[in-house]
Structures are given as structure tokens and as C-alpha cells.
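A.B. asks: Have a look at this one.
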Amino acid sequence: MNIDELNRMANKLRLHVIEMTTVSNSGHPGGSLSSADIIAALYFKVMKHNPKDPQWDERDRFVLSKGHAAPVLYAALAESGYFSSSVLHTFRQVNSRLQGHPVHGKTPGIEMSTGSLGQGLSMSCGIALSAKMDGKNYKTYCLLGDGELQSGQNWEAAMFASNYKLNNLIAIVDRNHLQNYGSTEEIMALEPLGDKWKSFGFNVIEADGHDMIEILKAFETASKSTDAPTVIIFNTIKGKGVSFMENNVSFHGRACNPDEYKLAMTELSKAIQ
């Protein structure tokens with residue numbers, strides 16, 4: 001896909017997110033919308049993966065550590081061809097393969113069950129180390145929420161990744177500055193975030209998480225790391241793409257009401273024309 005196609009796909013993923021969370025009247029739209037451009041770049045340009053063979057041994061691995069953003073991941077998997085997009089309407093319903101958080105073994109394309117924040121990077125380290133031990137060339141991408149970085153296990157994993165020189169590991173931070181109860185900097189300040197990662201031995205890249213050219217450039221730079229793991233801190237906007245949801249913490253874990261749904265769908269439909 002070219003840049004314009006990737007931008008349209010990102011907004012199509014956003015449209016799916018709004019539909020899914022509104023139908024189920026539950027879920028986490030805000031952080032799904034903020035990471036839609038990143039997910040679109042990964043699944044439709046950057047990563048090696050095969051929807052017809054989800055267990056292809058040479059595939060790149062993606063771990064959604066911020067598991068509450070499952071709607072945008074499910075949307076990307078459906079648009080990629082892992083399963084029919086018609087299944088998206090079963091999100092969070094009893095017996096659906098699309099639960100509120102990703103479940104490994106239940107949904108094609110899911111590498112790890114996530115939702116308990118702070119654990120994804122540790123698992124990603126294990127996957128990346130396994131690739132090195134087996135002589136494999138695939139990369140492991142792990143998407144983290146910024147509020148999630150307040151969990152100490154992430155920094156244990158960061159020490160591990162640096163110690164074992166996991167240059168095939170790319171951590172991604174969706175830096176939208178908001179978590180469930182407010183601003184990350186008011187609840188438990190993260191800044192200077194880049195310096196923290198550097199002190200743990202990571203190559204650090206910072207980019208605009210809504211500029212597709214910058215996103216692709218960041219991933220290209222990360223792929224060339226030869227000496228250390230890399231973290232990409234993408235500066236994003238919670239609720240990106242829907243005017244009344246942007247930077248609105250109330251949509252961290254709340255679906256649209258009927259009037260809000262109509263407005264959101266109108267805005268996103270225009271964005272993909």
C-alpha cells in the first residue's frame with residue numbers, strides 16, 4: 001500500500017472500532033483509535049505475515065501488550081484476511097472468538113493472550129530470544145500503552161532485552177498521554193520517557209504516530225538496529241479521528257451513544273472516501 005492507501009486503511013480500522021464498540025456497548029475505543037495508524041502501517045506495509053498460514057514459521061510476531069485496544073487489532077486482522085469482517089460484529093459477545101482482550105488459540109493471528117497490563121514486553125523478549133537461539137530472522141513488535149509503563153515488569157523486561165542484545169525486538173509506545181483516570185503525568189509521571197529507555201540500553205526513536213511517512217521511517221530505522229533493542233515512542237492523540245473523542249479521557253473505556261455513533265461514523269466515512 002502507498003501512503004494514501006495506508007491512511008485510508010487506518011481510518012477504516014477506526015470505523016470498525018466505532019462499530020464494534022457501539023454494537024457491544026462496551027470496549028476501549030480511545031486507545032484503539034490512537035494506535036490505528038501504527039497498526040495499519042504494521043499489518044499492511046511493515047510486517048511479514050500470512051493470513052492464509054497464521055503459524056508460518058518466518059512471520060514477524062506482534063504482541064498487543066495494551067490488550068484493551070483489541071478492537072483495532074481485530075479490525076486489522078479482519079481486513080488482512082485472517083477471518084471475515086462480518087465476525088467483527090460479535091465483539092465481546094458470549095462464545096465469540098473476539099473477546100474484550102486478545103486470546104491466544106481462540107483467534108487467528110493472536111500471538112499472546114493479553115489484558116493484564118505490563119506483561120507483553122516480557123513475553124516479547126522471550127519470543128525475540130527464541131528467534132535468536134533458533135537462528136530465525138523474524139522480528140517481534142510489541143505495542144505498549146504509555147500508562148502501562150507505570151508497571152514495573154516492563155522495566156525488568158527492558159533490562160533483559162538489553163542484556164541479551166535483542167536487536168530483533170521493537171517496542172512501540174502509544175504515547176497519547178491519557179490513561180483510564182486522567183493524564184499520565186498527573187497520575188504517575190513518565191517523562192523524560194526517552195531518557196528512561198536509553199538508560200535501559202535501548203535505541204530510542206521518537207515520531208508522530210499519526211504521520212504515516214514518519215511512522216514508516218521509524219520502523220525502517222528500527223529494522224536496521226544491529227546492537228540493541230529499539231523502542232519507538234509514537235506521539236499520538238487519544239481518540240484520534242473522531243473530533244469529540246480526541247483527548248477526551250471519558251472514551252478510554254466507554255462506547256458511543258447513538259447520537260455520538262452517527263457523528264463518528266459520518267466523520268470517519270468522509271476520511272476514507
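Convention: chains lettered A, B, ... in C-alpha cells order; per-chain residue numbering from 1; ligands numbered from 1 as shown.
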Which residues come within 10 Å of Lys52 (chain A), counting only C-alpha atoms, excluding same-chain residues fewer than 3 positions away, as a list in words?
C.D. replies: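 Close residues of Lys52 (chain A): His49, Gln55, Trp56, Ser80, Gly81, Tyr82, Phe83 and Pro108 of chain A.
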A.B. asks: Take the residues just selected and output them with C-alpha atoms as an mmCIF file, in the first residue's frame.
C.D. replies:
data_model
loop_
_atom_site.group_PDB
_atom_site.id
_atom_site.type_symbol
_atom_site.label_atom_id
_atom_site.label_comp_id
_atom_site.auth_asym_id
_atom_site.auth_seq_id
_atom_site.Cartn_x
_atom_site.Cartn_y
_atom_site.Cartn_z
ATOM 1 C CA HIS A 49 2.777 -12.265 7.883
ATOM 2 C CA GLN A 55 1.506 -20.098 12.051
ATOM 3 C CA TRP A 56 4.014 -19.506 9.242
ATOM 4 C CA SER A 80 -5.865 -8.619 6.339
ATOM 5 C CA GLY A 81 -7.937 -11.740 5.730
ATOM 6 C CA TYR A 82 -7.467 -13.786 8.897
ATOM 7 C CA PHE A 83 -11.252 -14.011 9.219
ATOM 8 C CA PRO A 108 -6.220 -16.473 14.231
#
A.B. asks: Could you pull out the strand (DSSP E or B) residues of region 62-229 of chain A, going by DSSP on the backbone, and write them as a list in words?
C.D. replies: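 Matching residues, listed in order: Phe62, Val63, Leu64, Thr140, Tyr141, Cys142, Leu143, Leu144, Gly145, Leu169, Ile170, Ala171, Ile172, Val173, Asp174, Arg175, Leu178, Gln179, Gly182, Ser183, Asn203, Val204, Ile205, Glu206, Ala207 and Asp208 of chain A.
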A.B. asks: Could those selected residues go to a file with N, CA, C and O atoms, as a CSV table (one decimal), in the first residue's frame?
C.D. replies:
chain,number,residue,atom,x,y,z
A,62,PHE,N,3.6,-10.1,16.4
A,62,PHE,CA,3.1,-8.8,17.0
A,62,PHE,C,2.4,-9.2,18.3
A,62,PHE,O,1.5,-10.0,18.4
A,63,VAL,N,2.8,-8.5,19.4
A,63,VAL,CA,2.1,-8.7,20.7
A,63,VAL,C,1.5,-7.3,21.1
A,63,VAL,O,2.1,-6.3,21.2
A,64,LEU,N,0.2,-7.4,21.3
A,64,LEU,CA,-0.6,-6.2,21.8
A,64,LEU,C,-0.6,-6.2,23.3
A,64,LEU,O,-1.5,-6.8,23.9
A,140,THR,N,10.1,-9.2,16.4
A,140,THR,CA,9.0,-9.1,17.3
A,140,THR,C,8.6,-7.7,17.6
A,140,THR,O,9.5,-6.9,18.1
A,141,TYR,N,7.4,-7.3,17.4
A,141,TYR,CA,6.9,-6.0,17.7
A,141,TYR,C,5.9,-6.1,18.9
A,141,TYR,O,5.1,-6.9,18.9
A,142,CYS,N,6.1,-5.1,19.8
A,142,CYS,CA,5.3,-5.1,21.0
A,142,CYS,C,4.7,-3.7,21.2
A,142,CYS,O,5.5,-2.8,21.4
A,143,LEU,N,3.4,-3.6,21.1
A,143,LEU,CA,2.7,-2.3,21.3
A,143,LEU,C,2.3,-2.1,22.8
A,143,LEU,O,1.5,-2.9,23.3
A,144,LEU,N,2.8,-1.1,23.4
A,144,LEU,CA,2.6,-0.8,24.8
A,144,LEU,C,1.8,0.5,24.9
A,144,LEU,O,2.0,1.5,24.2
A,145,GLY,N,0.9,0.6,25.9
A,145,GLY,CA,0.3,1.8,26.3
A,145,GLY,C,1.2,2.6,27.1
A,145,GLY,O,2.1,2.1,27.9
A,169,LEU,N,14.0,-7.1,18.5
A,169,LEU,CA,12.8,-6.7,19.3
A,169,LEU,C,12.6,-5.2,19.1
A,169,LEU,O,13.5,-4.4,19.3
A,170,ILE,N,11.3,-4.8,18.8
A,170,ILE,CA,11.0,-3.4,18.6
A,170,ILE,C,9.8,-3.2,19.5
A,170,ILE,O,8.7,-3.6,19.3
A,171,ALA,N,10.0,-2.4,20.6
A,171,ALA,CA,8.9,-2.0,21.5
A,171,ALA,C,8.3,-0.7,20.9
A,171,ALA,O,9.0,0.1,20.3
A,172,ILE,N,7.0,-0.6,21.0
A,172,ILE,CA,6.3,0.6,20.5
A,172,ILE,C,5.5,1.2,21.6
A,172,ILE,O,4.7,0.4,22.2
A,173,VAL,N,5.6,2.4,21.8
A,173,VAL,CA,4.8,3.1,22.9
A,173,VAL,C,3.8,4.0,22.2
A,173,VAL,O,4.1,4.9,21.4
A,174,ASP,N,2.5,3.8,22.5
A,174,ASP,CA,1.4,4.6,22.0
A,174,ASP,C,1.3,5.8,23.1
A,174,ASP,O,0.6,5.7,24.1
A,175,ARG,N,2.0,6.8,22.8
A,175,ARG,CA,2.2,7.9,23.8
A,175,ARG,C,1.1,9.0,23.6
A,175,ARG,O,1.3,10.0,23.1
A,178,LEU,N,-2.8,9.9,28.0
A,178,LEU,CA,-4.0,9.7,28.9
A,178,LEU,C,-4.2,8.2,29.2
A,178,LEU,O,-3.9,7.3,28.4
A,179,GLN,N,-4.6,8.0,30.5
A,179,GLN,CA,-5.0,6.6,30.9
A,179,GLN,C,-6.4,6.7,31.5
A,179,GLN,O,-7.0,7.7,31.4
A,182,GLY,N,-7.1,9.7,33.8
A,182,GLY,CA,-6.6,11.1,33.6
A,182,GLY,C,-5.3,11.1,32.9
A,182,GLY,O,-4.9,10.1,32.3
A,183,SER,N,-4.5,12.2,33.1
A,183,SER,CA,-3.2,12.4,32.5
A,183,SER,C,-2.2,11.5,33.1
A,183,SER,O,-2.1,11.3,34.3
A,203,ASN,N,17.9,1.6,21.9
A,203,ASN,CA,17.9,2.6,20.9
A,203,ASN,C,16.5,3.3,20.9
A,203,ASN,O,15.5,2.6,21.0
A,204,VAL,N,16.5,4.6,20.9
A,204,VAL,CA,15.2,5.3,21.1
A,204,VAL,C,14.9,6.2,19.8
A,204,VAL,O,15.7,6.9,19.4
A,205,ILE,N,13.7,6.0,19.3
A,205,ILE,CA,13.2,6.7,18.2
A,205,ILE,C,11.9,7.4,18.6
A,205,ILE,O,11.1,6.8,19.2
A,206,GLU,N,11.8,8.7,18.3
A,206,GLU,CA,10.5,9.4,18.6
A,206,GLU,C,9.9,9.9,17.3
A,206,GLU,O,10.6,10.4,16.4
A,207,ALA,N,8.6,9.7,17.1
A,207,ALA,CA,8.0,10.1,15.9
A,207,ALA,C,6.5,10.5,16.1
A,207,ALA,O,5.9,10.2,17.2
A,208,ASP,N,5.9,11.1,15.1
A,208,ASP,CA,4.5,11.5,15.1
A,208,ASP,C,3.7,10.2,14.7
A,208,ASP,O,3.8,9.7,13.6
A.B. asks: Near region 21-37 of chain A, counting only C-alpha atoms, which residues have an atom at most 8 Å away, once you skip same-chain residues fewer than 4 positions from it, shown as a ChimeraX atom specification?
C.D. replies: /A:6-7,10-11,13-14,17,41,68-72,89-93,100,174,176,209-212,236-241,245-246,248-249,251-257,261
A.B. asks: Work out how far apart CA of Lys217 (chain A) and CA of Leu149 (chain A) are and give it in Å to one decimal.
C.D. replies: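 Computed distance, CA of Lys217 (chain A) to CA of Leu149 (chain A), equals 24.1 Å.
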A.B. asks: Check the smallest atom-to-atom distance from each of A:Ser96, A:Ile213, A:Thr221, A:Ser269 to His16 (chain A) using only C-alpha atoms, then report the winner.
C.D. replies: A:Ser269
